[in-house]
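Asks: Got work26.txt for you, compact mmCIF, C-alpha atoms and all ligand atoms:
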```
# COMPACT_ATOMS: atom_id res chain seq x y z
CA MET A 1 39.02 4.33 -90.95
CA THR A 2 38.07 2.75 -87.62
CA VAL A 3 35.51 4.34 -85.29
CA THR A 4 36.35 3.76 -81.64
CA ILE A 5 33.31 3.28 -79.43
CA GLY A 6 32.53 2.95 -75.75
CA ILE A 7 29.39 1.20 -74.48
CA ASN A 8 27.61 2.38 -71.34
CA GLY A 9 25.63 -0.65 -70.09
CA LEU A 10 26.65 -4.18 -71.10
CA GLY A 11 23.12 -5.61 -70.99
CA ARG A 12 21.17 -7.26 -73.83
CA ILE A 13 21.97 -4.47 -76.28
CA GLY A 14 25.58 -3.92 -75.15
CA ARG A 15 26.33 -7.65 -75.39
CA SER A 16 24.65 -7.96 -78.80
CA ILE A 17 26.86 -5.13 -80.07
CA THR A 18 29.94 -6.85 -78.65
CA ARG A 19 29.02 -10.15 -80.33
CA ILE A 20 28.25 -8.49 -83.68
CA LEU A 21 31.60 -6.70 -83.70
CA ALA A 22 33.53 -9.80 -82.60
CA ALA A 23 32.07 -11.68 -85.57
CA ASN A 24 32.84 -8.90 -88.11
CA SER A 25 36.50 -7.96 -88.16
CA ASP A 26 35.92 -5.57 -91.09
CA SER A 27 33.08 -3.61 -89.41
CA GLY A 28 35.15 -0.43 -89.16
CA ILE A 29 34.28 -0.20 -85.45
CA SER A 30 36.38 -1.12 -82.45
CA ILE A 31 35.25 -1.19 -78.78
CA ALA A 32 37.77 0.63 -76.61
CA ALA A 33 35.85 0.64 -73.30
CA VAL A 34 32.68 -0.48 -71.56
CA ASN A 35 31.07 0.83 -68.40
CA ASP A 36 28.63 -1.12 -66.22
CA LEU A 37 27.84 -1.58 -62.55
CA ALA A 38 28.77 -5.27 -62.86
CA SER A 39 32.27 -6.68 -62.34
CA ALA A 40 34.46 -7.55 -65.34
CA GLU A 41 34.04 -11.26 -64.41
CA LYS A 42 30.25 -10.99 -64.62
CA MET A 43 30.49 -9.11 -67.92
CA ALA A 44 32.71 -11.87 -69.33
CA TYR A 45 30.31 -14.56 -68.12
CA GLY A 46 27.33 -12.70 -69.64
CA LEU A 47 29.11 -12.70 -72.99
CA ARG A 48 30.26 -16.34 -72.81
CA ARG A 49 26.86 -17.74 -71.85
CA ASP A 50 23.64 -16.47 -73.42
CA SER A 51 20.26 -18.17 -73.14
CA ILE A 52 19.09 -16.71 -76.45
CA ARG A 53 22.23 -16.60 -78.61
CA GLY A 54 24.11 -19.61 -77.23
CA ALA A 55 27.80 -19.84 -76.41
CA PHE A 56 30.08 -16.99 -77.50
CA PRO A 57 31.76 -17.94 -80.80
CA GLY A 58 35.27 -17.15 -79.54
CA THR A 59 36.94 -16.40 -76.23
CA VAL A 60 36.06 -13.90 -73.51
CA THR A 61 38.07 -13.50 -70.32
CA ALA A 62 38.28 -10.89 -67.58
CA ARG A 63 41.40 -9.24 -66.21
CA THR A 64 41.66 -6.41 -63.72
CA ASP A 65 39.78 -3.54 -65.37
CA GLN A 66 39.77 -5.29 -68.71
CA LEU A 67 37.65 -7.60 -70.81
CA VAL A 68 39.54 -9.59 -73.40
CA VAL A 69 37.39 -10.60 -76.36
CA ASN A 70 39.22 -12.74 -78.92
CA ASP A 71 42.57 -11.21 -77.88
CA HIS A 72 41.13 -7.67 -78.13
CA ALA A 73 41.48 -5.85 -74.79
CA ILE A 74 38.61 -3.57 -73.73
CA ARG A 75 38.95 -1.15 -70.82
CA VAL A 76 36.30 -1.64 -68.11
CA PHE A 77 34.84 1.16 -65.95
CA HIS A 78 32.30 0.93 -63.13
CA HIS A 79 30.60 4.28 -62.74
CA SER A 80 26.91 4.77 -61.98
CA ARG A 81 26.85 8.34 -63.32
CA PRO A 82 27.65 9.03 -66.98
CA GLU A 83 29.56 12.24 -66.20
CA ARG A 84 32.16 10.23 -64.25
CA ILE A 85 33.22 7.89 -67.05
CA PRO A 86 36.64 8.94 -68.45
CA TRP A 87 35.98 7.88 -72.04
CA ALA A 88 38.71 10.10 -73.48
CA ASP A 89 41.35 8.28 -71.37
CA ALA A 90 40.41 5.09 -73.22
CA GLY A 91 40.41 6.79 -76.63
CA VAL A 92 36.63 6.55 -77.07
CA ASP A 93 35.18 8.69 -79.84
CA VAL A 94 31.49 7.61 -79.89
CA VAL A 95 29.55 6.42 -76.83
CA ILE A 96 26.60 4.08 -77.20
CA GLU A 97 24.39 4.86 -74.21
CA ALA A 98 22.71 1.50 -73.51
CA THR A 99 21.87 1.48 -69.79
CA GLY A 100 18.23 2.50 -70.34
CA GLN A 101 18.78 4.94 -67.44
CA PHE A 102 20.07 7.98 -69.31
CA ARG A 103 17.64 8.47 -72.17
CA ALA A 104 17.49 12.24 -71.70
CA GLY A 105 19.69 14.07 -74.17
CA SER A 106 20.97 16.26 -71.30
CA ALA A 107 22.23 13.23 -69.33
CA ALA A 108 23.69 11.52 -72.40
CA ARG A 109 25.44 14.76 -73.38
CA THR A 110 27.66 14.50 -70.28
CA HIS A 111 29.52 11.68 -72.08
CA ILE A 112 30.79 14.54 -74.24
CA SER A 113 31.02 17.48 -71.82
CA HIS A 114 32.58 15.48 -68.96
CA GLY A 115 33.78 12.21 -70.50
CA GLY A 116 35.48 13.68 -73.55
CA ALA A 117 33.67 11.63 -76.21
CA ARG A 118 32.78 13.36 -79.49
CA LYS A 119 29.31 11.91 -80.20
CA VAL A 120 26.65 9.86 -78.40
CA VAL A 121 24.13 7.36 -79.78
CA ILE A 122 21.30 6.63 -77.30
CA SER A 123 19.98 3.07 -77.67
CA ALA A 124 16.35 4.07 -77.11
CA SER A 125 13.73 6.65 -77.98
CA ALA A 126 15.46 9.46 -76.11
CA ASP A 127 13.70 12.46 -74.61
CA ASP A 128 15.46 15.33 -76.33
CA PRO A 129 18.29 14.19 -78.62
CA ASP A 130 19.69 16.53 -81.27
CA ALA A 131 18.19 14.22 -83.90
CA PHE A 132 16.11 11.06 -84.31
CA LEU A 133 17.76 9.14 -87.12
CA VAL A 134 16.11 5.99 -88.43
CA TYR A 135 18.57 4.24 -90.69
CA GLY A 136 17.19 3.83 -94.19
CA ALA A 137 14.51 6.47 -93.70
CA ASN A 138 16.00 9.77 -92.53
CA HIS A 139 19.63 9.11 -91.54
CA HIS A 140 20.58 11.30 -94.48
CA THR A 141 19.45 14.31 -92.44
CA TYR A 142 22.37 13.84 -90.05
CA ASP A 143 24.27 17.10 -89.74
CA PRO A 144 27.68 16.73 -88.07
CA ASP A 145 27.66 20.40 -87.12
CA LEU A 146 24.32 20.24 -85.29
CA HIS A 147 23.89 16.66 -84.10
CA ASP A 148 26.07 15.42 -81.25
CA VAL A 149 23.52 13.25 -79.41
CA VAL A 150 21.39 11.10 -81.69
CA SER A 151 18.76 8.41 -81.16
CA PRO A 152 17.40 5.82 -83.59
CA GLY A 153 14.09 5.62 -81.70
CA SER A 154 13.29 2.04 -80.76
CA CYS A 155 13.43 -1.36 -82.45
CA GLY A 156 9.69 -1.16 -83.18
CA VAL A 157 10.03 2.33 -84.65
CA ASN A 158 12.76 1.08 -87.00
CA ALA A 159 10.74 -1.93 -88.18
CA LEU A 160 7.64 0.15 -88.88
CA THR A 161 9.49 3.04 -90.46
CA VAL A 162 11.32 1.04 -93.12
CA MET A 163 8.03 -0.56 -94.28
CA ALA A 164 6.35 2.87 -94.23
CA LYS A 165 9.25 4.34 -96.22
CA VAL A 166 8.73 1.84 -99.06
CA LEU A 167 4.97 2.35 -99.18
CA LEU A 168 5.29 6.14 -98.97
CA ASP A 169 7.89 6.45 -101.71
CA ARG A 170 6.29 3.95 -104.08
CA PHE A 171 2.54 4.50 -103.59
CA GLY A 172 1.99 7.46 -101.23
CA LEU A 173 0.80 6.75 -97.68
CA CYS A 174 -1.50 8.40 -95.13
CA GLY A 175 -4.02 7.39 -92.44
CA VAL A 176 -1.48 5.03 -90.88
CA ASN A 177 -2.36 2.62 -88.07
CA THR A 178 0.37 0.45 -86.51
CA SER A 179 0.76 -2.40 -84.02
CA VAL A 180 3.93 -3.72 -82.43
CA VAL A 181 4.08 -6.97 -80.47
CA LEU A 182 7.31 -6.92 -78.51
CA ALA A 183 9.30 -9.83 -77.03
CA VAL A 184 10.44 -9.77 -73.40
CA GLN A 185 12.68 -6.86 -72.38
CA GLY A 186 15.30 -6.66 -69.64
CA TRP A 187 13.00 -4.59 -67.44
CA ALA A 188 10.18 -7.19 -67.57
CA LYS A 189 9.24 -8.78 -64.25
CA GLY A 190 8.85 -12.51 -63.54
CA GLN A 191 6.33 -11.75 -60.81
CA ASP A 192 4.14 -8.70 -60.18
CA ALA A 193 6.42 -5.84 -59.11
CA VAL A 194 4.07 -2.94 -59.67
CA VAL A 195 5.10 -0.96 -56.59
CA GLY A 196 8.83 -1.28 -57.29
CA THR A 197 8.77 -0.49 -61.00
CA SER A 198 10.35 2.74 -62.16
CA ARG A 199 8.03 2.80 -65.16
CA ASP A 200 5.13 5.28 -65.24
CA ASP A 201 2.67 2.67 -66.48
CA PRO A 202 2.03 0.22 -63.60
CA ARG A 203 1.13 -2.53 -66.07
CA LEU A 204 4.81 -2.75 -67.04
CA GLY A 205 5.48 -4.05 -63.53
CA ARG A 206 3.07 -6.97 -63.99
CA ALA A 207 4.32 -10.58 -64.32
CA THR A 208 5.42 -10.89 -67.93
CA GLY A 209 4.73 -14.63 -68.36
CA GLU A 210 1.09 -14.25 -67.38
CA SER A 211 -0.23 -11.55 -69.70
CA ILE A 212 -0.24 -9.68 -72.96
CA ILE A 213 0.67 -6.25 -71.57
CA PRO A 214 -0.37 -3.07 -73.40
CA HIS A 215 2.26 -0.33 -73.38
CA ASN A 216 1.46 3.37 -74.00
CA TYR A 217 4.68 3.88 -75.90
CA VAL A 218 4.27 6.66 -78.47
CA VAL A 219 5.80 4.72 -81.36
CA GLY A 220 3.77 6.65 -83.94
CA ASP A 221 5.23 10.04 -83.04
CA LEU A 222 8.72 8.77 -83.81
CA VAL A 223 7.76 7.20 -87.13
CA ARG A 224 6.38 10.63 -88.04
CA VAL A 225 9.61 12.36 -87.03
CA ALA A 226 11.44 10.19 -89.56
CA LEU A 227 8.70 10.43 -92.21
CA PRO A 228 6.69 13.60 -91.57
CA GLU A 229 4.87 13.25 -94.92
CA ILE A 230 2.68 10.43 -93.61
CA GLY A 231 0.80 12.75 -91.21
CA GLU A 232 -1.16 11.65 -88.18
CA MET A 233 -0.92 8.02 -87.08
CA ARG A 234 -2.60 5.66 -84.65
CA TYR A 235 -0.60 2.98 -82.91
CA SER A 236 -0.66 0.22 -80.32
CA TYR A 237 2.12 -1.67 -78.57
CA TYR A 238 1.94 -4.97 -76.68
CA CYS A 239 4.57 -6.82 -74.65
CA VAL A 240 4.39 -10.63 -74.79
CA PRO A 241 6.40 -13.39 -73.05
CA THR A 242 8.31 -14.75 -76.07
CA PRO A 243 12.07 -14.45 -75.40
CA ILE A 244 13.14 -12.92 -78.71
CA GLY A 245 11.56 -11.95 -82.04
CA SER A 246 8.90 -9.25 -82.40
CA LEU A 247 6.17 -8.29 -84.84
CA ALA A 248 5.27 -5.00 -86.56
CA GLU A 249 2.11 -4.41 -88.58
CA LEU A 250 1.18 -1.26 -90.43
CA SER A 251 -1.93 -0.32 -92.36
CA GLY A 252 -2.85 2.85 -94.23
CA GLN A 253 -4.17 4.41 -97.38
CA THR A 254 -2.19 4.62 -100.62
CA ASP A 255 -2.70 7.30 -103.32
CA ARG A 256 -4.20 4.72 -105.70
CA PRO A 257 -5.44 1.14 -105.42
CA VAL A 258 -2.48 -1.29 -105.39
CA SER A 259 -2.31 -5.08 -105.68
CA VAL A 260 -0.74 -7.50 -103.18
CA GLU A 261 1.83 -8.41 -105.85
CA GLU A 262 2.79 -4.76 -106.41
CA VAL A 263 3.31 -4.16 -102.69
CA ASN A 264 5.35 -7.31 -102.22
CA ARG A 265 7.44 -6.59 -105.32
CA ALA A 266 8.15 -3.06 -104.04
CA MET A 267 9.34 -4.49 -100.71
CA ALA A 268 11.46 -7.20 -102.38
CA GLU A 269 13.07 -4.60 -104.68
CA ALA A 270 13.81 -2.24 -101.81
CA ALA A 271 15.28 -5.12 -99.78
CA ALA A 272 17.54 -6.11 -102.68
CA GLY A 273 18.40 -2.49 -103.54
CA PRO A 274 18.29 0.81 -101.65
CA LEU A 275 17.24 -0.66 -98.29
CA ARG A 276 19.62 -3.64 -98.39
CA ARG A 277 20.69 -4.52 -94.83
CA VAL A 278 17.85 -2.62 -93.12
CA LEU A 279 14.98 -4.42 -94.87
CA ALA A 280 15.00 -8.17 -95.56
CA TYR A 281 12.40 -10.19 -97.47
CA ASP A 282 11.43 -13.79 -96.87
CA PRO A 283 8.52 -15.56 -98.62
CA ASP A 284 8.81 -18.65 -96.40
CA PRO A 285 5.99 -18.83 -93.80
CA THR A 286 7.54 -17.19 -90.74
CA VAL A 287 6.97 -17.24 -86.96
CA SER A 288 8.74 -14.94 -84.54
CA ILE A 289 11.66 -17.20 -83.58
CA ASP A 290 12.70 -17.40 -87.26
CA VAL A 291 13.91 -13.79 -87.12
CA LYS A 292 16.49 -14.54 -84.40
CA ASN A 293 19.95 -13.22 -85.39
CA ASN A 294 18.58 -11.40 -88.45
CA PRO A 295 20.54 -8.13 -88.73
CA ALA A 296 17.79 -6.22 -90.60
CA SER A 297 15.51 -3.68 -88.91
CA CYS A 298 12.59 -5.54 -90.48
CA LEU A 299 12.11 -8.94 -92.10
CA PHE A 300 9.19 -8.35 -94.45
CA ASP A 301 6.60 -11.14 -94.53
CA PRO A 302 4.72 -11.07 -97.87
CA SER A 303 2.05 -13.45 -96.56
CA GLY A 304 0.79 -10.60 -94.35
CA THR A 305 -0.02 -8.21 -97.19
CA GLN A 306 -3.68 -7.30 -97.69
CA VAL A 307 -5.24 -4.62 -99.89
CA THR A 308 -8.71 -3.17 -100.47
CA ALA A 309 -10.21 -1.85 -103.69
CA ASP A 310 -10.13 1.76 -102.41
CA GLY A 311 -6.34 1.85 -101.79
CA GLY A 312 -6.24 0.37 -98.29
CA VAL A 313 -3.06 -1.61 -97.54
CA LYS A 314 -1.78 -3.68 -94.61
CA VAL A 315 1.74 -5.12 -94.24
CA ARG A 316 3.62 -7.26 -91.73
CA GLY A 317 7.26 -7.53 -90.71
CA TRP A 318 9.30 -9.32 -88.05
CA PHE A 319 12.34 -8.06 -86.18
CA ASP A 320 14.95 -9.37 -83.78
CA ASN A 321 14.47 -6.57 -81.26
CA GLU A 322 18.06 -6.87 -80.00
CA TRP A 323 20.13 -7.95 -82.99
CA GLY A 324 18.55 -5.82 -85.71
CA PHE A 325 18.47 -2.73 -83.48
CA SER A 326 22.09 -3.26 -82.35
CA ASN A 327 23.15 -3.38 -85.99
CA ARG A 328 21.40 -0.03 -86.55
CA LEU A 329 23.15 1.47 -83.49
CA LEU A 330 26.42 0.45 -85.11
CA ASP A 331 25.35 1.98 -88.43
CA LEU A 332 24.69 5.23 -86.57
CA ALA A 333 27.99 5.00 -84.67
CA ARG A 334 29.76 4.64 -88.02
CA LEU A 335 27.83 7.59 -89.46
CA VAL A 336 28.48 10.01 -86.58
CA GLY A 337 31.98 8.68 -85.95
CA GLU A 338 33.33 9.65 -89.34
CA PRO A 339 35.03 13.02 -88.99
CA SER A 340 33.49 15.32 -91.55
CA ALA A 341 34.52 18.93 -91.93
CA VAL A 342 31.58 19.72 -94.18
CA SER A 343 27.92 19.19 -93.31
CA SER A 344 26.52 16.26 -95.32
CA ARG A 345 22.90 17.16 -94.59
CA ARG A 346 20.51 16.07 -97.33
CA VAL A 347 16.91 16.58 -96.38
CA SER A 348 15.16 14.40 -98.91
CA TRP A 349 15.86 10.89 -100.02
CA SER A 350 13.53 8.64 -101.96
CA ILE A 351 13.86 4.96 -102.77
CA ALA A 352 11.40 5.25 -105.68
N1 LIG B 401 16.50 -5.38 -75.39
C1 LIG B 401 15.88 -4.93 -76.48
O1 LIG B 401 15.25 -5.67 -77.24
C2 LIG B 401 15.96 -3.45 -76.80
C3 LIG B 401 15.65 -3.04 -78.09
C4 LIG B 401 15.71 -1.69 -78.40
C5 LIG B 401 16.06 -0.77 -77.44
N2 LIG B 401 16.35 -1.20 -76.18
C6 LIG B 401 16.72 -0.18 -75.20
O2 LIG B 401 18.12 -0.26 -74.93
C7 LIG B 401 18.36 0.08 -73.55
C8 LIG B 401 19.08 -1.09 -72.89
O3 LIG B 401 18.26 -2.23 -73.01
P1 LIG B 401 18.80 -3.68 -72.59
O4 LIG B 401 17.76 -4.63 -73.05
O5 LIG B 401 20.20 -3.86 -73.04
O6 LIG B 401 18.74 -3.54 -71.01
P2 LIG B 401 19.46 -4.46 -69.92
O7 LIG B 401 18.69 -4.28 -68.66
O8 LIG B 401 19.69 -5.82 -70.43
O9 LIG B 401 20.92 -3.77 -69.76
C9 LIG B 401 21.16 -2.59 -69.08
C10 LIG B 401 22.59 -2.64 -68.57
O10 LIG B 401 22.93 -1.36 -68.02
C11 LIG B 401 23.56 -1.55 -66.77
N3 LIG B 401 23.28 -0.38 -65.94
C12 LIG B 401 22.12 -0.05 -65.33
N4 LIG B 401 22.25 1.14 -64.71
C13 LIG B 401 23.49 1.56 -64.95
C14 LIG B 401 24.22 2.72 -64.57
N5 LIG B 401 23.68 3.69 -63.83
N6 LIG B 401 25.49 2.86 -65.01
C15 LIG B 401 26.08 1.87 -65.76
N7 LIG B 401 25.43 0.74 -66.16
C16 LIG B 401 24.17 0.60 -65.74
C17 LIG B 401 22.97 -2.83 -66.20
O11 LIG B 401 23.84 -3.41 -65.26
C18 LIG B 401 22.79 -3.68 -67.45
O12 LIG B 401 23.93 -4.46 -67.72
C19 LIG B 401 16.98 0.38 -72.95
O13 LIG B 401 16.75 1.76 -73.02
C20 LIG B 401 16.03 -0.36 -73.87
O14 LIG B 401 14.74 0.22 -73.89
C21 LIG B 401 16.33 -2.52 -75.84
```
Step by step, read the file and then write its structure as structure tokens.
Replies:
Amino acid sequence: MTVTIGINGLGRIGRSITRILAANSDSGISIAAVNDLASAEKMAYGLRRDSIRGAFPGTVTARTDQLVVNDHAIRVFHHSRPERIPWADAGVDVVIEATGQFRAGSAARTHISHGGARKVVISASADDPDAFLVYGANHHTYDPDLHDVVSPGSCGVNALTVMAKVLLDRFGLCGVNTSVVLAVQGWAKGQDAVVGTSRDDPRLGRATGESIIPHNYVVGDLVRVALPEIGEMRYSYYCVPTPIGSLAELSGQTDRPVSVEEVNRAMAEAAAGPLRRVLAYDPDPTVSIDVKNNPASCLFDPSGTQVTADGGVKVRGWFDNEWGFSNRLLDLARLVGEPSAVSSRRVSWSIA
């Protein structure tokens, strides 16, 4: 079965999705349409030339109201409001909302009520989706009867949550404290643009190349939505000027003292088994650029593991904030795109 998707916003995430699908003919997903304010020519150029990923491994051309990617024609729309995009005319079943402008579930829902799509996946920590589904942690709670607009949270949430899932299921976990160090985002400014920024926190309008910028993003709340058993969390989030590749660290308290070897073995087993694809494991000494093009939500770094005699544990993982997250958006599109007459909701799932 092939799930037919439409992408609203052909920016970093939309183009990553397009590249991933172009390279995987057996993905079970086909792009029928894209919508962006840009012209089809600019969209084609943005796919052909990429400062991070390099040249497109194939062909991309623009025609009137079409993008042609490796002989596959994609309908192009140019609407600034989601309710105006005629997805159904293009045969779109699932919309990936990736403009960054329509994170509210109510706005994203117009892709269904007005555009005729069946489901929406918001590519960010949305305001009020029907469900937050972190792949590998709680995607099993998806209920096709109740969940039309879903969100995977953010790239940082996904990286932290898969590490937390392993620790929780294998050793118990509470008292969690997390840090995310995030590579440059599309909204980052080259020079101070504090007055013009649409962001609430004025620091996010500061020149990105000059500073480590703290961000009040409530990453912890979303990890807890996926894994409520871990209880209250503390968290911090920093934006840095590296172009791609981000870091997630998590510390907490396990039910009993554990060794570094036990923790690393648990992560390696999960990466080779139940969390294959969403968790990767690499014992080679890693820096952030090494994670570029890794499709996992988290590349676990065993050299970062520390423990204390009273059950304290700290772990480290890396993530390609675009590529890994785009792969999870596609996993969710596949999940919600499969027609299912019967609810498949399963509320608990353990990797242990
Ligand atoms: N880039 C990342 O690493 C990353 C990771 C996880 C989540 N996200 C989230 O994904 C979303 C998109 O991020 P991005 O990095 O791709 O952003 P981006 O700025 O690169 O792309 C946004 C695209 O949307 C288009 N757009 C803007 N307003 C529009 C409108 N009204 N109608 C149609 N198109 C419109 C823009 O032209 C642009 O092509 C954001 O919410 C972001 O927080 C990004």
Asks: Just the residues within 12 Å of Glu262 (chain A), please, counting all atoms listed in the file, with nothing from its chain fewer than 5 positions along; format it as a ChimeraX atom specification.
Replies: /A:166-167,170-171,256-257,267-269,302,305-307,313
Asks: Determine, for each residue of chain A having at least one atom at most 6 Å from an atom of ligand LIG 401 (chain B), the closest pair of atoms and their separation in Å to one decimal, counting only C-alpha atoms and all ligand atoms; order by chain and ascending number, as a tab-separated table.
Replies:
```
residue	atom	partner	partner_atom	distance
A:Asn8	CA	B:LIG401	C15	5.8
A:Gly9	CA	B:LIG401	O10	3.5
A:Leu10	CA	B:LIG401	O12	4.3
A:Gly11	CA	B:LIG401	O9	3.1
A:Arg12	CA	B:LIG401	O5	3.6
A:Ile13	CA	B:LIG401	O5	3.7
A:Gly14	CA	B:LIG401	O5	5.8
A:Asn35	CA	B:LIG401	C15	5.7
A:Asp36	CA	B:LIG401	N7	3.7
A:Leu37	CA	B:LIG401	N7	4.9
A:Ala38	CA	B:LIG401	O11	5.8
A:His79	CA	B:LIG401	N6	5.8
A:Ser80	CA	B:LIG401	N6	3.9
A:Arg81	CA	B:LIG401	N5	5.7
A:Ala98	CA	B:LIG401	C8	4.5
A:Thr99	CA	B:LIG401	O10	3.5
A:Gly100	CA	B:LIG401	O13	3.1
A:Gln101	CA	B:LIG401	N4	5.8
A:Ser123	CA	B:LIG401	O2	4.7
A:Ala124	CA	B:LIG401	C6	4.7
A:Ser154	CA	B:LIG401	C4	5.0
A:Cys155	CA	B:LIG401	C4	4.7
A:Gln185	CA	B:LIG401	N1	5.1
A:Gly186	CA	B:LIG401	O7	4.3
A:Trp187	CA	B:LIG401	O7	5.8
A:Asn321	CA	B:LIG401	O1	4.2
A:Glu322	CA	B:LIG401	O1	4.1
A:Phe325	CA	B:LIG401	C4	5.9
```
Asks: Nearest to Ile213 (chain A): which of A:His114, A:Arg49, A:Lys189, A:Arg276 is it, counting all atoms listed in the file?
Replies: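 Closest to Ile213 (chain A) of all the choices is A:Lys189.
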Asks: List as a VMD selection string the protein and nucleic acid residues near region 226-232 of chain A, meaning an atom at most 10 Å away when all atoms listed in the file are counted, but skip any in the same chain fewer than 3 places from it.
Replies: chain A and resid 131 to 139 141 152 to 153 157 to 158 161 to 162 164 to 165 168 172 to 177 220 to 223 252 to 253
Asks: Pick from A:Gly317, A:Pro285, A:Gly312, A:Pro339: nearest to Leu299 (chain A), with only C-alpha atoms counted?
Replies: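 Of all the options, A:Gly317 lies closest to Leu299 (chain A).
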Asks: Do you know which residues are at most 9 Å from Pro57 (chain A) counting only C-alpha atoms, after dropping those on the same chain fewer than 5 positions away, and could you put them as an MDAnalysis selection string?
Replies: chainID A and resid 19 22:23 48
Asks: Between A:Arg206, A:Arg118, A:Arg265, A:His140, which is the closest to Cys239 (chain A) once you count only C-alpha atoms?
Replies: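 Checking each of A:Arg206, A:Arg118, A:Arg265, A:His140 against Cys239 (chain A), counting only C-alpha atoms, the winner is A:Arg206.
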Asks: Counting all atoms listed in the file, which of A:Ile85, A:Val121, A:Leu146, A:Ala40 gets nearest to Thr64 (chain A)?
Replies: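 The closest residue to Thr64 (chain A) is A:Ala40.
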Asks: So how far away is CA of Ala55 (chain A) from CA of Pro241 (chain A), in Å?
Replies: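 According to the coordinates, CA of Pro241 (chain A) and CA of Ala55 (chain A) are separated by 22.6 Å.
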Asks: Find, counting only C-alpha atoms, the residue in A:Leu332, A:Val95, A:Val34, A:Val181 that gets nearest to Leu67 (chain A).
Replies: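 Closest candidate: A:Val34.
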Asks: Given all atoms listed in the file as the basis, pick out the residue of A:Ile7, A:Ala270, A:Val68, A:Val219 nearest to Asp93 (chain A).
Replies: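 For Asp93 (chain A), the nearest of the candidates is A:Ile7.
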Asks: What does the structure give for the distance between CA of Gln66 (chain A) and CA of Ser151 (chain A), in Å to one decimal?
Replies: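 Interatomic distance here is 28.0 Å.
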Asks: Just the number, please: distance in Å from CA of Gly304 (chain A) to CA of Glu249 (chain A), one decimal.
Replies: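 Rounded to one decimal, the two atoms are 8.6 Å apart.
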Asks: Just give me the residues with any atom within 7 Å of (42.9, -1.5, -72.3), file coordinates, counting all atoms listed in the file, written as a ChimeraX atom specification.
Replies: /A:66,73-75
Asks: Name all residues at most 8 Å from His215 (chain A) (count all atoms listed in the file; drop same-chain ones fewer than 6 positions away) and give them as a PyMOL selection string.
Replies: chain A and resi 201+203-204+236-239
Asks: Do a neighbour search on Glu338 (chain A) at 9 Å with only C-alpha atoms, toss out local chain neighbours closer than 6 positions, and write the hits as a PyMOL selection string.
Replies: chain A and resi 1-3
